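Peer 1: Take a look at this one; I'll ask things after.
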Amino acid sequence: MRGSRLFAPAGTGWLSSAWAAVLALLLAAAPAAAAPPESPAVSPELAFGPPVEGPAPVIPAHPSGSYGRYKAAAFDGAAYLAAWTTGEPDRDEPIYATRVLADGTVPDPLGFALGTGHHPQIAFDGERFLVIFSARSDVDATPTVRAVRVTTAGEVLDPGGLVVPLGPKPLREIALASDGDAFLIVGETFYEPDGGARELRASRFAPNDEANPPGSAVVASFSQGGSADVAFGGAGYLVVWQQGEGREDGEIRAARVSVTGEVLDPGGFLVDTVPVLPWTPSGPRVAFDGENYHVAWSGQEGLWTRRVTPQGTLADPASALIQPDLDDLSEPVLDDAAFDGEHVRVLWSRIPELSSALAGLPAYLHVSRLSAAGAVLGGGPTQVSPQAQSGALAERGALVIWQNDRPDGFRNGLHGARLGSDGTLLDAPPLRLGRGTNAQSEPQVSSDGRQFVVTWLDDRGRAVGESDALFAARVAADGRVVDEGGTRMANAAANWELVSHGSSLLSVGISRFGEDDNADVFGTRLSPALEILSPEPLDLGSAALYRGLAVTPDPAGFALLSDGSMVRVSHAGEVRRTALPDGLGPMVDDIRAVGFDGTQRLLVWSPGALSPGIRATRLGPGDEILDPGGIALVDLASTFRVTELAVAHGAEMYVVAWRGCEEDGGLTRVGMIRVSAAGGALDPEPLRVAEHAGCQWTGPRRRGTQLVFDGQRFVAVWEEPVGSADSLDVHGVALSPDGAVSSPFAVSAEPGSERSPDIAALGGGVSLVVYSRFESDVEHKSPRVFARRLGPPASDTTDPRGLVAGGGCSCQAEGGAPPAPAEWTALLFLGLAMGRRAWSRPRRPAPARTRTAMLPALRRARIGIGLTAVLGGAGCSDASSPEAARDPASEGDAGSTWFEVGSGSTSFAALGPGATVELAEGDQGGYHLWLSIRCNACAPEGILSYGVDDASSGELLTFHGLQRWVRLREVEDGVRQEVGLSAFLNDGDPSLYLGRAVRLWATLSREGSREPPLEGEARAMVSD
């Protein structure tokens, strides 16, 4: 037999075979080139709850009113067409429209889609509406202007829009008017890279006039200015704009353009000189009342108007004041001007205080009426809404549209109202223009080792007048969403982090309100069942508004790096604040990522242009600085700007990931570097893992590059533009502990843009990625949160479900690295020397890939089962014999289903009242408890989650929790079991566990099954 040759006496010839086997093993394990890890398997997409109907989202208004052109309206004599943009300012986002009949009926309550872009403008030519908007080219992402024709019945003739050729340079801040036959499009060119002059251009556009394609003429040139508007005046057009240098006096200028597109006043003529505000106001607006043009603008002393004749002369000797300032901190800001057939109406908003407006507090939207002589009509302005910052007036009609801005800074849908001839509102309450569903955005995910917890910002409360809030939902290990609709967790925050430590969850958020860029930081404690454990939010100090938070686990709970302090929150909710050492100095404000290894922290930051690169320092258990002055981890070119940083710990090392771009914005790179516990770089050169075109900066309100260790590999995810900067997918890359990098892979590449990814891990190679995507169909019109489960690749020696396969033997401890090839050499010689005696001693497991590669060499060398046991059985407990199985009759009803948790390394040991469990020391240091399970009427395989808690406090003593996919061994008819599970404990100090009452728990579920998981627990005292 082959086994007898291995253990034959000296002189029988076995030694040469053994040495051949050793040589084969060494060659198989030689670290000549680390094989790159394969990409994890990606699950189908998960969603969180059915949508809740509510107001349609609208682009937020800027305090200056300069975003007013994210909505527009026009009138055809019988109905209005209103259009608005959703999503984020100055990005290509879905544009929708809806009609409002003259009697106030809204025939399109959901609205209809026009295309994707920004800055929509509408005009009516006597037959159809034309909607134009800015959008990036589908080919090379250059800015274009697109046009969509809409019939009076609401039929969209050009879905997505026709590209309008408007000359040699792309235009921005476009405006539109019609002469009843054709249209005039006005816009300004983009800023020149060399600071050269920009151009204001006018283009005649007739969709049905193929004989006269659009042309483009220069109206004026300037280095500062723009924000043009245009109106038709019977015989031609008048274009108005603002230009000026910095904070010096600016000018309101105008130029006539003929119906054929000829500029009659090149460079324009002066309407008035106006001091330019220190913050950007909206540009001038113009309306024609049948005799004269009325030009309106906002300046430092109020809101002004002046009339211009169709011949291009000034009809008034001086400008007239429409609305003065009330005080130094309250200026009226112009939004729009239009003629309704009787009066010129001027729409403007009053911002009580600039600082309050910037903090998101409400403004007040008003309408003033002007006579034909340009005088303000009596009765004063009409207040349209006390909670709005910008709006738009319908061309040739009397409809005003706006979005309400709630005191918490969030939009509350698009509203509209018709105006009477005396200035009163005819619709109270206002009309709701377009419906949508609740928005889910800014998702985050964490894991307690047994399940995932996903949080997101949700605005479903707007439909009933409530504020936005943070919601949470659990996702089971097998990918099932447990709380489909989510659970309300806390009020909305400007920025927040969700962190888990054992069975404790802590959500830390920054209040939306603050002064001097600082705001209160609050915390909410959650149970694993998402029960709120903090009756009142925890006061955690203050932090810079919208700055990223650095929250990590702590030995006794959690720790938050905030405002120069380390704020600790215990599992019981006790808050303790300690000052950080002075030696950290200014780096405290630059820290962008914090890692924790259970004892010390790694603080990572990028100093910026003065010292390009990535630096780090370690804080010890008492927050002492271990690296005064910091450690230079990565040197980068002075032209490279780091925009995102992340750090994770696992396999006895840290990994730092970053993303950044060159100053010219041409290329973004993703990099990684491994860092030892001593703070030294393990890679001689940074690992370049991915790159893509363009420069992506997410900012603190959107998640950037995220990183996690899943028990087998490090996985990083980020959002990446595809085709254009406004079309984003979620991509990822895997890094093995030995430094091998996988090819980048797509986590999600659905139509639309996936944004703000986050990732958390259960262990065993399983993680969950969450992200948001705008669902542009008219039923939704809102961002929604989705998730995908990542598991090990199918080619690995793991089950495709994503958890370690085979008999319950994991190839490594949670957070630990596989044995190095040199350590395997020592094991091999140990096996040869000890022979069969090796079976009686603890054995160390082999990595799955290494074990698979070695076994064929063993067979070729005819090495017997004694050495094979060192390789394949090391560290893995044998399943217990049938004699150790539980007697179902002892449970009372032999036909009942039961699931029992016990202990035992080689056989199942039941834990009754007063039971003890032995504290076992591992070969690599550290301690664990043996855990076993058995059950009847259970499936032969499934996902097993297990761990150890403190029996009194519920603190999870196995830091991440443990999980694996198992095949249960049948020990007798209907009874299956898994024994010898190592529940690795957090701390290496045995005194923390001896004499401690603990709870051993386990759950067994089947992936894809709707049946509840089997659950069990047992209590015992830890002994030596």
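If you're wondering about the labels, chains in the structure tokens are A, B, ... by order shown, residues count from 1 in each chain, ligands from 1 in order shown.
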Which parts of range 67-205 of chain A does DSSP call strand (DSSP E) when run on the backbone here, written out as a ChimeraX atom specification?

Peer 2: /A:71-75,79-85,93-101,112-124,129-136,143-150,162-164,171-178,183-189,198-205

Peer 1: So that I can see what lies close to range 649-664 of chain A, please list as a list of chain:residue names the residues with an atom at most 7 Å from it, counting only C-alpha atoms and leaving out residues fewer than 5 positions away in the same chain.

Peer 2: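 That gives A:Gly595, A:Phe596, A:Asp597, A:Thr639, A:Phe640, A:Arg641, A:Val642, A:Thr643, A:Glu644, A:Arg669, A:Val670, A:Gly671, A:Met672, A:Ile673, A:Arg674, A:Val675, A:Ser676, A:Ala677, A:Cys695, A:Thr705, A:Phe709, A:Pro737, A:Gly815, A:Gly816, A:Ala817.
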
Peer 1: Any idea what the distance is between CA of Ala915 in chain A and CA of Arg934 in chain A?

Peer 2: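 Pair CA of Ala915 in chain A / CA of Arg934 in chain A returns 17.6 Å.
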
Peer 1: Write out as a list in words which residues come within 6 Å of Gly161 in chain A when counting only C-alpha atoms, dropping same-chain ones fewer than 2 positions away.

Peer 2: Arg146, Ala147, Val148, Asp158 and Pro159 of chain A

Peer 1: For range 255-264 of chain A, work out the shell of residues within 6 Å, counting only C-alpha atoms and skipping chain neighbours fewer than 3 positions away, then give it as JSON, numbers by chain.

Peer 2: {"A": [204, 236, 237, 238, 239, 268]}

Peer 1: Please determine, counting only C-alpha atoms, which residue among A:His731, A:Arg976, A:Arg306, A:Arg999 has the shortest atom-to-atom distance to Phe899 in chain A.

Peer 2: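 Once distances to Phe899 in chain A are computed over only C-alpha atoms, the minimum belongs to A:Arg976.
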
Peer 1: Counting only C-alpha atoms, what is within 7 Å of Ala761 in chain A, bar same-chain residues fewer than 6 positions away, as a PyMOL selection string?

Peer 2: chain A and resi 447+708-710+767-768

Peer 1: Name all residues at most 10 Å from Asp973 in chain A (count only C-alpha atoms; drop same-chain ones fewer than 2 positions away) and give them as a ChimeraX atom specification.

Peer 2: /A:882,936-937,970-971,975-976

Peer 1: Can you work out the spacing between CA of Ala428 in chain A and CA of Glu779 in chain A in Å, to one decimal?

Peer 2: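 Calculated distance between CA of Ala428 in chain A and CA of Glu779 in chain A is 25.6 Å.
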
Peer 1: Report, in Å with one decimal, the straight-line distance from CA of Glu173 in chain A to CA of Arg432 in chain A.

Peer 2: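 Atom-to-atom, CA of Glu173 in chain A and CA of Arg432 in chain A are spaced 27.1 Å apart.
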